[in-house]
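The next block is query_28.txt, given as compact mmCIF, C-alpha atoms.
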```
# COMPACT_ATOMS: atom_id res chain seq x y z
CA MET A 1 -7.03 -20.47 16.97
CA LYS A 2 -4.19 -22.86 16.22
CA ARG A 3 -0.75 -21.35 16.73
CA ALA A 4 2.04 -22.62 14.51
CA ASN A 5 5.81 -22.72 14.81
CA LEU A 6 7.16 -20.96 11.74
CA ARG A 7 10.36 -23.01 11.43
CA GLU A 8 8.43 -26.28 11.61
CA ILE A 9 5.88 -25.05 9.07
CA LEU A 10 8.51 -23.87 6.63
CA GLY A 11 10.38 -27.13 6.91
CA LEU A 12 7.34 -29.15 5.87
CA SER A 13 5.20 -26.93 3.67
CA ILE A 14 5.23 -25.89 0.04
CA VAL A 15 3.25 -23.25 -1.76
CA CYS A 16 1.65 -23.81 -5.14
CA CYS A 17 1.86 -20.88 -7.55
CA LEU A 18 0.16 -20.49 -10.90
CA ALA A 19 3.45 -20.86 -12.74
CA GLY A 20 4.15 -24.14 -10.92
CA THR A 21 5.10 -25.40 -7.48
CA ILE A 22 8.01 -23.76 -5.68
CA ALA A 23 9.56 -24.31 -2.25
CA TRP A 24 8.75 -21.93 0.58
CA GLY A 25 12.21 -20.43 0.14
CA GLY A 26 11.61 -19.84 -3.59
CA VAL A 27 10.68 -16.56 -5.22
CA ALA A 28 7.54 -15.99 -7.29
CA SER A 29 7.81 -13.68 -10.27
CA GLN A 30 6.28 -10.21 -10.19
CA VAL A 31 3.60 -11.37 -12.63
CA GLU A 32 2.43 -13.80 -9.94
CA THR A 33 2.51 -11.38 -7.01
CA TRP A 34 0.96 -8.17 -5.73
CA PRO A 35 2.45 -8.35 -2.24
CA GLN A 36 1.50 -5.07 -0.52
CA PHE A 37 -0.42 -1.82 -0.87
CA ARG A 38 0.20 -0.73 -4.49
CA GLY A 39 1.94 -3.96 -5.44
CA ASN A 40 5.58 -4.82 -6.01
CA GLN A 41 7.89 -2.36 -4.19
CA GLY A 42 4.81 -0.14 -3.72
CA THR A 43 5.12 1.19 -7.28
CA ALA A 44 1.50 0.52 -8.42
CA ILE A 45 2.99 -0.71 -11.71
CA ALA A 46 2.01 -4.11 -13.10
CA GLY A 47 5.10 -4.81 -15.17
CA GLY A 48 4.72 -7.08 -18.19
CA GLN A 49 1.00 -7.54 -17.72
CA ARG A 50 -2.14 -6.74 -19.69
CA VAL A 51 -5.70 -6.45 -18.42
CA PRO A 52 -8.95 -5.48 -20.17
CA VAL A 53 -9.92 -1.89 -20.90
CA ASN A 54 -13.55 -2.94 -21.10
CA LEU A 55 -14.56 -4.03 -17.60
CA GLY A 56 -17.95 -5.66 -18.00
CA LYS A 57 -19.76 -8.99 -18.24
CA GLU A 58 -17.60 -10.06 -21.19
CA THR A 59 -14.35 -9.80 -19.23
CA LEU A 60 -15.56 -10.63 -15.70
CA ARG A 61 -13.82 -13.87 -14.75
CA TRP A 62 -15.38 -14.23 -11.30
CA SER A 63 -17.09 -12.29 -8.52
CA ALA A 64 -16.85 -13.30 -4.85
CA ASP A 65 -18.85 -12.13 -1.84
CA LEU A 66 -16.72 -11.25 1.19
CA PRO A 67 -17.81 -11.67 4.86
CA GLY A 68 -18.18 -7.89 5.13
CA PRO A 69 -17.15 -4.56 3.61
CA GLY A 70 -13.84 -2.74 3.77
CA SER A 71 -11.50 -0.56 1.75
CA SER A 72 -8.29 -2.61 2.05
CA SER A 73 -6.73 -3.87 -1.16
CA PRO A 74 -6.27 -7.55 -1.96
CA VAL A 75 -2.70 -8.88 -1.94
CA ILE A 76 -1.61 -11.87 -4.01
CA TRP A 77 1.06 -14.53 -3.91
CA GLY A 78 0.80 -17.19 -6.58
CA ASP A 79 -2.69 -18.66 -6.62
CA ARG A 80 -3.58 -17.27 -3.18
CA LEU A 81 -5.30 -13.94 -2.69
CA PHE A 82 -5.63 -12.39 0.76
CA VAL A 83 -8.07 -9.65 1.77
CA THR A 84 -9.61 -8.34 5.00
CA ALA A 85 -13.26 -7.62 5.79
CA GLU A 86 -15.02 -6.00 8.73
CA ILE A 87 -18.03 -7.35 10.58
CA LEU A 88 -18.64 -4.20 12.58
CA GLU A 89 -21.79 -5.24 14.41
CA GLU A 90 -20.01 -8.34 15.76
CA GLY A 91 -16.76 -6.54 16.57
CA ARG A 92 -14.33 -8.45 14.40
CA VAL A 93 -12.25 -8.30 11.26
CA GLU A 94 -11.65 -11.37 9.09
CA LEU A 95 -8.60 -12.24 7.03
CA CYS A 96 -9.79 -14.23 4.02
CA CYS A 97 -7.81 -16.37 1.60
CA LEU A 98 -9.35 -16.84 -1.85
CA ASP A 99 -8.24 -18.81 -4.86
CA ALA A 100 -6.92 -16.14 -7.24
CA LYS A 101 -8.03 -18.20 -10.27
CA SER A 102 -11.62 -18.96 -9.25
CA GLY A 103 -12.52 -16.71 -6.32
CA ALA A 104 -13.37 -19.73 -4.16
CA ARG A 105 -12.74 -19.15 -0.47
CA ARG A 106 -10.00 -21.36 0.95
CA TRP A 107 -10.14 -20.20 4.55
CA SER A 108 -10.75 -17.25 6.83
CA VAL A 109 -9.66 -16.35 10.36
CA ALA A 110 -11.37 -13.90 12.70
CA LEU A 111 -9.65 -11.28 14.84
CA ASP A 112 -11.77 -9.87 17.66
CA THR A 113 -11.64 -6.08 17.63
CA GLY A 114 -14.51 -5.37 20.00
CA ALA A 115 -16.83 -2.38 19.67
CA TYR A 116 -14.95 0.31 17.81
CA ARG A 117 -16.13 3.59 16.34
CA THR A 118 -14.24 4.91 13.33
CA HIS A 119 -14.40 7.99 11.15
CA LYS A 120 -17.20 7.68 8.58
CA PHE A 121 -14.62 7.22 5.81
CA ASN A 122 -12.61 4.64 7.77
CA ASN A 123 -13.41 1.05 8.73
CA LEU A 124 -11.93 -1.94 10.52
CA ALA A 125 -10.66 -3.33 7.21
CA SER A 126 -9.02 -0.28 5.66
CA GLY A 127 -5.35 -1.21 6.06
CA THR A 128 -3.88 -3.47 3.37
CA PRO A 129 -1.92 -6.57 4.52
CA CYS A 130 1.42 -7.58 3.03
CA VAL A 131 2.40 -11.08 1.90
CA THR A 132 5.69 -12.91 1.42
CA GLU A 133 6.41 -16.43 0.19
CA GLU A 134 5.96 -17.54 3.79
CA LEU A 135 3.51 -15.27 5.60
CA VAL A 136 0.69 -12.79 5.35
CA VAL A 137 0.92 -9.90 7.85
CA LEU A 138 -1.85 -7.47 8.82
CA GLY A 139 -2.44 -4.66 11.29
CA TRP A 140 -5.67 -4.37 13.30
CA TYR A 141 -7.13 -2.68 16.36
CA ASP A 142 -8.08 -4.18 19.73
CA ALA A 143 -10.71 -1.86 21.19
CA GLY A 144 -10.56 -3.56 24.60
CA SER A 145 -6.96 -2.52 25.20
CA GLY A 146 -6.94 0.55 22.95
CA HIS A 147 -3.87 -0.89 21.28
CA ALA A 148 -3.19 -1.85 17.68
CA LYS A 149 -1.78 -5.27 16.86
CA LEU A 150 0.37 -6.74 14.10
CA SER A 151 -0.35 -10.41 13.33
CA SER A 152 1.08 -12.96 10.92
CA PHE A 153 -0.38 -16.14 9.44
CA THR A 154 0.89 -18.83 7.13
CA HIS A 155 -0.61 -19.22 3.67
CA GLN A 156 -2.72 -22.03 5.18
CA GLY A 157 -4.22 -19.76 7.86
CA ASP A 158 -2.17 -20.88 10.87
CA ALA A 159 -1.40 -18.11 13.36
CA VAL A 160 2.35 -17.58 13.79
CA TRP A 161 2.75 -14.49 15.98
CA THR A 162 0.99 -11.34 17.19
CA LYS A 163 2.78 -8.19 18.30
CA ASP A 164 1.18 -5.54 20.54
CA LEU A 165 2.10 -2.18 18.99
CA GLY A 166 1.04 -0.07 21.96
CA ALA A 167 -1.68 2.50 22.54
CA PHE A 168 -3.16 4.30 19.55
CA ASP A 169 -4.63 7.81 19.66
CA SER A 170 -6.31 9.27 16.58
CA GLN A 171 -9.40 11.13 15.41
CA HIS A 172 -9.80 8.93 12.34
CA GLY A 173 -9.01 5.42 13.56
CA VAL A 174 -6.42 2.78 12.70
CA SER A 175 -5.28 1.90 9.18
CA LEU A 176 -1.91 0.16 8.94
CA ASN A 177 -0.19 -0.85 5.71
CA PRO A 178 2.77 -3.10 6.61
CA VAL A 179 5.62 -3.51 4.12
CA ALA A 180 7.85 -6.60 4.09
CA SER A 181 11.43 -6.69 2.82
CA GLY A 182 14.10 -9.26 3.50
CA ASP A 183 13.71 -10.77 6.96
CA ARG A 184 11.55 -7.98 8.38
CA VAL A 185 8.33 -6.05 8.12
CA PHE A 186 8.04 -2.26 8.52
CA ILE A 187 5.10 -0.23 9.77
CA ASN A 188 4.20 3.41 10.08
CA TYR A 189 2.66 3.68 13.55
CA ALA A 190 2.65 7.47 13.84
CA HIS A 191 -0.39 8.90 15.64
CA MET A 192 -1.48 11.80 17.86
CA GLY A 193 -0.05 10.10 20.94
CA GLY A 194 3.37 9.74 19.34
CA GLY A 195 4.00 6.24 18.08
CA TYR A 196 6.94 5.33 15.88
CA THR A 197 8.30 3.90 12.67
CA GLY A 198 9.13 0.27 13.44
CA ALA A 199 10.90 -2.78 12.04
CA PHE A 200 9.81 -6.25 13.19
CA SER A 201 11.18 -9.72 12.59
CA LEU A 202 9.13 -11.78 10.15
CA GLU A 203 10.15 -14.91 12.02
CA ASP A 204 8.80 -14.11 15.48
CA GLY A 205 7.42 -10.54 15.48
CA SER A 206 10.13 -9.17 17.76
CA MET A 207 10.95 -5.50 17.35
CA LEU A 208 14.28 -4.96 15.62
CA TRP A 209 14.31 -1.17 15.83
CA SER A 210 12.01 1.80 16.21
CA SER A 211 12.22 5.56 15.76
CA PRO A 212 9.80 7.68 17.79
CA ASN A 213 7.22 9.99 16.28
CA PRO A 214 6.71 13.35 18.08
CA ASN A 215 3.72 13.54 20.39
CA GLY A 216 0.92 15.73 19.09
CA ALA A 217 1.47 15.13 15.39
CA LYS A 218 -1.54 14.30 13.26
CA THR A 219 -1.90 10.61 12.48
CA SER A 220 -0.03 9.46 9.38
CA TYR A 221 -1.51 6.72 7.19
CA VAL A 222 1.26 6.25 4.63
CA ALA A 223 2.98 3.00 3.77
CA PRO A 224 6.78 3.35 4.11
CA ILE A 225 8.92 2.45 1.12
CA VAL A 226 12.17 0.49 0.97
CA ARG A 227 14.83 1.34 -1.60
CA GLU A 228 18.20 -0.15 -2.46
CA LEU A 229 21.10 2.28 -2.10
CA ASP A 230 23.60 0.63 -4.42
CA ASP A 231 24.69 -2.70 -5.83
CA SER A 232 25.92 -3.86 -2.42
CA GLY A 233 22.40 -4.71 -1.30
CA ALA A 234 22.26 -1.94 1.32
CA LYS A 235 18.78 -0.49 1.78
CA GLU A 236 17.00 2.32 3.51
CA VAL A 237 13.41 2.88 4.64
CA ILE A 238 11.65 6.11 3.66
CA GLN A 239 9.04 7.57 6.00
CA VAL A 240 7.09 10.84 5.95
CA GLY A 241 4.98 12.62 8.56
CA GLU A 242 3.78 16.00 9.76
CA LEU A 243 6.44 16.70 12.39
CA ILE A 244 9.24 14.42 11.16
CA GLY A 245 9.28 15.59 7.54
CA MET A 246 10.87 13.08 5.17
CA ILE A 247 13.39 10.65 6.67
CA GLY A 248 15.66 7.94 5.30
CA PHE A 249 16.30 5.24 7.94
CA ASP A 250 19.07 2.65 7.74
CA PHE A 251 17.39 -0.66 6.93
CA GLU A 252 19.39 -2.70 9.44
CA SER A 253 19.75 -0.37 12.42
CA GLY A 254 17.07 2.31 12.08
CA ALA A 255 19.71 5.05 12.28
CA VAL A 256 18.73 8.24 10.46
CA ASN A 257 20.70 8.41 7.21
CA TRP A 258 19.21 11.77 6.24
CA SER A 259 16.16 13.93 6.81
CA LEU A 260 14.20 16.80 5.32
CA PRO A 261 12.51 18.46 8.31
CA GLY A 262 9.67 20.95 8.07
CA ALA A 263 8.43 19.55 4.77
CA PHE A 264 4.82 19.01 5.88
CA ASN A 265 2.29 21.03 7.80
CA HIS A 266 -0.56 18.52 8.01
CA ARG A 267 -1.59 14.86 7.95
CA THR A 268 0.11 12.56 5.42
CA ILE A 269 -2.04 9.94 3.69
CA ALA A 270 -0.63 9.55 0.17
CA SER A 271 2.43 7.31 0.50
CA PRO A 272 5.93 8.43 -0.58
CA ILE A 273 7.08 7.09 -3.97
CA ILE A 274 10.25 6.96 -6.03
CA ILE A 275 9.40 8.87 -9.20
CA ASN A 276 12.47 8.70 -11.44
CA SER A 277 14.31 5.78 -12.99
CA LEU A 278 17.46 6.27 -10.88
CA ALA A 279 16.12 4.48 -7.81
CA ASN A 280 19.48 3.24 -6.52
CA SER A 281 21.55 6.36 -7.03
CA ASN A 282 22.39 9.70 -5.45
CA ASP A 283 19.95 11.28 -7.93
CA THR A 284 16.83 9.49 -6.73
CA LEU A 285 13.73 11.69 -6.47
CA ILE A 286 11.14 10.83 -3.83
CA ALA A 287 7.74 12.49 -4.02
CA ALA A 288 5.34 12.96 -1.12
CA GLY A 289 2.61 15.29 0.06
CA CYS A 290 0.06 16.11 2.73
CA LYS A 291 -3.25 17.85 3.24
CA GLU A 292 -3.55 21.58 2.48
CA GLY A 293 -2.08 21.52 -1.02
CA THR A 294 1.45 20.20 -0.52
CA PHE A 295 3.08 17.78 -2.96
CA PHE A 296 6.76 17.89 -3.92
CA ALA A 297 9.72 15.90 -5.20
CA ALA A 298 12.85 15.75 -3.04
CA ARG A 299 16.33 14.73 -4.17
CA VAL A 300 18.05 12.36 -1.75
CA PRO A 301 21.46 13.37 -0.40
CA LYS A 302 24.54 12.81 -2.51
CA ARG A 303 27.35 10.85 -0.90
CA GLU A 304 30.98 10.48 -1.84
CA ASN A 305 33.23 8.09 0.07
CA GLY A 306 30.52 7.75 2.71
CA GLU A 307 30.26 11.51 3.32
CA VAL A 308 27.26 13.67 2.45
CA VAL A 309 28.38 16.28 -0.07
CA ARG A 310 24.86 17.49 -0.96
CA PRO A 311 21.98 17.44 1.54
CA ALA A 312 18.44 16.41 0.69
CA LYS A 313 16.54 19.16 -1.08
CA ILE A 314 13.18 19.83 -2.69
CA GLU A 315 13.52 19.97 -6.49
CA TRP A 316 9.99 20.94 -7.45
CA ALA A 317 6.47 21.26 -6.05
CA MET A 318 2.96 21.17 -7.51
CA GLU A 319 1.07 24.46 -7.48
CA SER A 320 -2.52 23.19 -7.59
CA HIS A 321 -4.74 20.09 -7.63
CA THR A 322 -2.35 18.20 -5.37
CA PRO A 323 -3.27 14.65 -4.27
CA TYR A 324 -4.25 14.19 -0.63
CA VAL A 325 -5.51 10.59 -0.38
CA PRO A 326 -4.62 8.90 -3.72
CA THR A 327 -0.93 8.05 -4.05
CA PRO A 328 0.48 9.08 -7.46
CA VAL A 329 2.19 6.64 -9.82
CA SER A 330 5.28 7.19 -11.97
CA ASN A 331 6.68 5.28 -14.95
CA GLY A 332 10.16 6.69 -14.30
CA SER A 333 9.88 9.71 -16.56
CA THR A 334 6.35 11.00 -15.92
CA VAL A 335 4.45 11.34 -12.64
CA PHE A 336 0.68 10.89 -12.77
CA ALA A 337 -1.00 12.60 -9.81
CA LEU A 338 -4.72 12.15 -9.21
CA HIS A 339 -6.38 14.87 -7.13
CA ASP A 340 -9.17 13.73 -4.81
CA GLY A 341 -11.57 15.85 -6.85
CA GLY A 342 -10.71 14.12 -10.13
CA THR A 343 -8.05 16.31 -11.77
CA LEU A 344 -5.34 14.07 -13.27
CA THR A 345 -1.99 15.76 -13.88
CA ALA A 346 0.98 14.34 -15.81
CA MET A 347 4.32 15.92 -14.84
CA ASN A 348 7.91 15.50 -15.90
CA ALA A 349 9.55 13.52 -13.11
CA GLU A 350 12.79 15.53 -13.11
CA THR A 351 11.40 19.05 -13.42
CA GLY A 352 7.77 18.86 -12.35
CA SER A 353 6.69 20.68 -15.50
CA ILE A 354 3.14 19.85 -16.53
CA GLU A 355 2.87 17.67 -19.62
CA TRP A 356 -0.91 17.54 -19.60
CA LYS A 357 -3.88 17.87 -17.28
CA GLY A 358 -7.39 16.40 -17.55
CA LYS A 359 -10.56 16.00 -15.53
CA LEU A 360 -12.17 12.74 -14.41
CA LEU A 361 -15.76 13.17 -13.24
CA GLY A 362 -15.95 12.00 -9.64
CA ASN A 363 -14.11 11.93 -6.34
CA PHE A 364 -11.20 9.59 -5.77
CA TYR A 365 -9.58 7.97 -2.72
CA ALA A 366 -8.26 4.80 -4.40
CA SER A 367 -4.79 5.18 -5.90
CA PRO A 368 -4.31 4.77 -9.66
CA VAL A 369 -2.44 1.73 -10.97
CA LEU A 370 -0.41 1.61 -14.18
CA VAL A 371 -0.87 -1.41 -16.45
CA ASP A 372 0.49 -1.70 -20.00
CA GLY A 373 0.66 2.08 -20.50
CA LYS A 374 -2.81 2.70 -19.07
CA LEU A 375 -3.95 4.23 -15.79
CA TYR A 376 -6.80 2.52 -13.95
CA CYS A 377 -8.53 5.02 -11.63
CA LEU A 378 -11.44 3.88 -9.43
CA SER A 379 -13.82 6.63 -8.27
CA ARG A 380 -15.56 6.66 -4.91
CA ASN A 381 -18.95 6.10 -6.56
CA GLY A 382 -17.81 2.96 -8.36
CA GLU A 383 -16.67 4.00 -11.82
CA MET A 384 -13.39 2.82 -13.31
CA TRP A 385 -11.69 5.38 -15.54
CA VAL A 386 -9.06 3.99 -17.90
CA VAL A 387 -6.73 6.73 -19.16
CA ASP A 388 -3.91 6.53 -21.68
CA ALA A 389 -0.59 7.21 -19.93
CA GLY A 390 0.81 8.78 -23.08
CA GLU A 391 1.71 12.22 -24.35
CA GLU A 392 -1.78 13.70 -24.10
CA PHE A 393 -4.85 13.32 -21.91
CA LYS A 394 -7.10 10.65 -23.38
CA VAL A 395 -9.85 8.71 -21.60
CA LEU A 396 -10.03 5.25 -23.15
CA ARG A 397 -13.08 3.99 -21.30
CA THR A 398 -15.30 4.55 -18.28
CA SER A 399 -17.01 1.50 -16.74
CA ASP A 400 -19.72 1.35 -14.10
CA MET A 401 -18.51 -1.32 -11.68
CA ASN A 402 -21.98 -1.79 -10.12
CA PRO A 403 -21.13 -1.69 -6.42
CA PRO A 404 -23.45 -3.65 -4.12
CA ALA A 405 -26.31 -1.80 -2.46
CA ASP A 406 -24.64 -1.84 0.98
CA VAL A 407 -21.56 0.03 -0.27
CA THR A 408 -21.39 3.78 0.33
CA TRP A 409 -17.93 4.40 -1.18
CA THR A 410 -15.51 2.35 -3.27
CA ASP A 411 -12.10 3.38 -1.99
CA ALA A 412 -9.94 0.25 -2.40
CA THR A 413 -6.95 0.45 -4.72
CA PRO A 414 -7.10 -2.35 -7.34
CA ALA A 415 -4.56 -5.18 -7.53
CA VAL A 416 -3.02 -6.83 -10.61
CA ALA A 417 -1.55 -10.32 -11.10
CA HIS A 418 -1.73 -13.11 -13.68
CA ASN A 419 -2.92 -10.59 -16.32
CA ARG A 420 -6.02 -10.01 -14.22
CA LEU A 421 -7.39 -6.92 -12.51
CA TYR A 422 -8.84 -7.45 -9.02
CA VAL A 423 -11.30 -4.73 -7.97
CA ARG A 424 -12.84 -4.52 -4.51
CA MET A 425 -16.38 -3.20 -4.29
CA GLY A 426 -16.76 -3.07 -0.50
CA SER A 427 -18.19 -6.47 0.39
CA ARG A 428 -17.52 -7.91 -3.06
CA LEU A 429 -14.35 -8.71 -4.98
CA ASP A 430 -14.37 -8.86 -8.80
CA CYS A 431 -11.74 -10.34 -11.12
CA TYR A 432 -11.42 -9.21 -14.76
```
Write the structure described by the file as structure tokens, please.
Amino acid sequence: MKRANLREILGLSIVCCLAGTIAWGGVASQVETWPQFRGNQGTAIAGGQRVPVNLGKETLRWSADLPGPGSSSPVIWGDRLFVTAEILEEGRVELCCLDAKSGARRWSVALDTGAYRTHKFNNLASGTPCVTEELVVLGWYDAGSGHAKLSSFTHQGDAVWTKDLGAFDSQHGVSLNPVASGDRVFINYAHMGGGYTGAFSLEDGSMLWSSPNPNGAKTSYVAPIVRELDDSGAKEVIQVGELIGMIGFDFESGAVNWSLPGAFNHRTIASPIIINSLANSNDTLIAAGCKEGTFFAARVPKRENGEVVRPAKIEWAMESHTPYVPTPVSNGSTVFALHDGGTLTAMNAETGSIEWKGKLLGNFYASPVLVDGKLYCLSRNGEMWVVDAGEEFKVLRTSDMNPPADVTWTDATPAVAHNRLYVRMGSRLDCY
């Protein structure tokens, strides 16, 4: 595989986006990007976009076969879509680049995983990559060494760097969802053998900081979130896990800004989210949960003149039908939480009071996405439920997405860009 020098590549290359051609250093609009698990800033909100409610032959723009199945989500930057696929019998995972407009494959690169046995609900292509204007970054597992790796490629498929993350110990296998912000990429590498939360340089993959995870904790599969603290541009990284609770790390140094220990008693899969509209203030609410019926909203600490005058505290908690695998979505005033068994609950973001509750028929691992006031919820058996995100529970449409015969479950969270909905059906990717 050809290895590229990032500085040389960025000095010579340009990327073409649907809205026009911009330099590598330019910034694509949110309408043109879906850069990580659950999109821009991990909100699962497709701002300013509209997609069909009727998902059928009339609205299907294209359908593309992938080299193999998987449950990772596609990520999008301009006219390039990136997605991973597993070829289990040959011991490899492929990173594929498709044309977001037509579905035509531009290139693919193979990463040799070796023989690897996963949990029946996991696979080699379950972690979602992240993409910036320069790179696409993905996590994967090397069975020969027993270590996970983090690798980056240019938008043309040239390898830039690979970082060995260390040994990985888990009952359920690897699934990493890297998150890029600024000049770095963050990962949650917390597993039964310890691991850490880590920050790595996007330029060369070097580790910038890490914070250890306690040995013996159940593996965490969440994607960390990055939030701005104020108008100065300062940021912090939010992480959750069984034995660490909820932690706010300093973006630059990894120092612990604040923590909420003892918040979880089991594995964390649903990622933490900011649920109110005050994302940059002392009144920010961050919601998170774990297995065994825990889901709550915590208020971040309040600071005055650099001193903490109010510690982090839990404001409210759900009493039943809490999400375990699907990550909820919030429009800033209402939180929509989808239980794995299909109960959809709308709650006031500030108080947690229930505004309405309804039942979707099916089981759900994919996370709902919010588009133009509508929730798109993909069930494990391949049905898309479109629900009005309004003042009462109202199902607008249910569509059979016709998964291919080789697909057991449809667990990939959809992506949205260019007023199009991208839905993964295992070894097939559909665009509406």
Worksheet item: So, counting all atoms listed in the file, which residue among A:Leu375, A:Val131, A:Val240, A:Met192 is closest to A:Pro214?
Response: A:Met192
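If only C-alpha atoms are the atoms counted, then among A:Asp372, A:Glu32, A:Glu292, A:Asp183 the closest residue to A:Ser320 is A:Glu292.
Considering the residues A:Ile45, A:Val309, A:Phe37, A:Leu98 and counting all atoms listed in the file, A:Asp430 has its shortest atom-to-atom contact with A:Leu98.
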Enumerate, in order of chain and increasing residue number, the residues of stretch 311-380 of chain A with an atom no farther than 6 Å from stretch 254-271 of chain A, each with its shortest atom pair and distance in Å to one decimal, counting all atoms listed in the file, as JSON lines.
```
{"residue": "A:Tyr324", "atom": "CA", "partner": "A:Ala270", "partner_atom": "CA", "distance": 5.9}
{"residue": "A:Val325", "atom": "CA", "partner": "A:Ala270", "partner_atom": "CA", "distance": 5.0}
{"residue": "A:Pro326", "atom": "CA", "partner": "A:Ala270", "partner_atom": "CA", "distance": 5.6}
{"residue": "A:Thr327", "atom": "CA", "partner": "A:Ala270", "partner_atom": "CA", "distance": 4.5}
```
Worksheet item: What does the distance between atom CA of A:Ser73 and atom CA of A:Asp388 come to in Å, to one decimal place?
Response: 23.2 Å
Discussion item. One number please: atom CA of A:Gly157 to atom CA of A:Cys97, in Å, one decimal.
Written reply: 8.0 Å
Item to complete: In Å, rounded to a single decimal, give me how far atom CA of A:Leu111 is from atom CA of A:Val174.
Response: 14.6 Å
Item to complete: Name the residues within 8 Å of (2.6, 8.8, -13.3), counting only C-alpha atoms in the file's coordinates, and put them as an NGL selection string.
Response: :A and (275 or 328-332 or 334-337 or 346-347 or 370 or 389)
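Among the candidate residues A:Ser71, A:Ser151, A:Ser353, A:Ser126, the one lying nearest to A:Asp204 is A:Ser151, with distances computed using only C-alpha atoms.
The residue that comes closest to A:Cys96, out of A:Ser427, A:Ala217, A:Gln49, A:Lys235 and on the basis of all atoms listed in the file, is A:Ser427.
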Fill in: Neighbour list for A:Gly91 as a PyMOL selection string, cut-off 10 Å, all atoms listed in the file, skip fewer than 6 positions in-chain
chain A and resi 110-116+124+142-143
Practice prompt. Write out as a PyMOL selection string which residues come within 8 Å of stretch 396-399 of chain A when counting only C-alpha atoms, dropping same-chain ones fewer than 4 positions away.
Written response: chain A and resi 53-56+383-388
Worksheet item: Excluding same-chain residues fewer than 2 positions from A:Ala234, what lies within 10 Å of it counting all atoms listed in the file, as a ChimeraX atom specification?
Response: /A:227-232,236,250-252,280
Item to complete: For A:Glu391, list every protein, DNA or RNA residue within 8 Å, evaluated using only C-alpha atoms, and leave out those in the same chain fewer than 2 positions away; present the list as a list of chain:residue names.
Response: A:Glu355, A:Trp356, A:Ala389, A:Phe393
Final N, CA and C atoms of stretch 407-418 of chain A as a compact mmCIF listing (two decimals), in the frame of the given file:
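Final output, saved to part01.txt:
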```txt
# COMPACT_ATOMS: atom_id res chain seq x y z
N VAL A 407 -22.82 -0.69 -0.18
CA VAL A 407 -21.56 0.03 -0.27
C VAL A 407 -21.81 1.53 -0.46
N THR A 408 -21.26 2.33 0.44
CA THR A 408 -21.39 3.78 0.33
C THR A 408 -20.31 4.36 -0.58
N TRP A 409 -19.06 3.91 -0.39
CA TRP A 409 -17.93 4.40 -1.18
C TRP A 409 -17.06 3.24 -1.63
N THR A 410 -16.45 3.36 -2.78
CA THR A 410 -15.51 2.35 -3.27
C THR A 410 -14.11 2.97 -3.28
N ASP A 411 -13.37 2.70 -2.23
CA ASP A 411 -12.10 3.38 -1.99
C ASP A 411 -10.88 2.46 -2.05
N ALA A 412 -11.06 1.20 -2.41
CA ALA A 412 -9.94 0.25 -2.40
C ALA A 412 -9.14 0.34 -3.70
N THR A 413 -7.84 0.44 -3.56
CA THR A 413 -6.95 0.45 -4.72
C THR A 413 -6.92 -0.94 -5.35
N PRO A 414 -7.10 -1.04 -6.68
CA PRO A 414 -7.10 -2.35 -7.34
C PRO A 414 -5.74 -3.05 -7.24
N ALA A 415 -5.77 -4.36 -7.48
CA ALA A 415 -4.56 -5.18 -7.53
C ALA A 415 -4.47 -5.85 -8.90
N VAL A 416 -3.24 -6.21 -9.30
CA VAL A 416 -3.02 -6.83 -10.61
C VAL A 416 -2.05 -8.01 -10.46
N ALA A 417 -2.43 -9.15 -11.02
CA ALA A 417 -1.55 -10.32 -11.10
C ALA A 417 -2.13 -11.28 -12.11
N HIS A 418 -1.28 -12.09 -12.73
CA HIS A 418 -1.73 -13.11 -13.68
C HIS A 418 -2.52 -12.50 -14.85
```
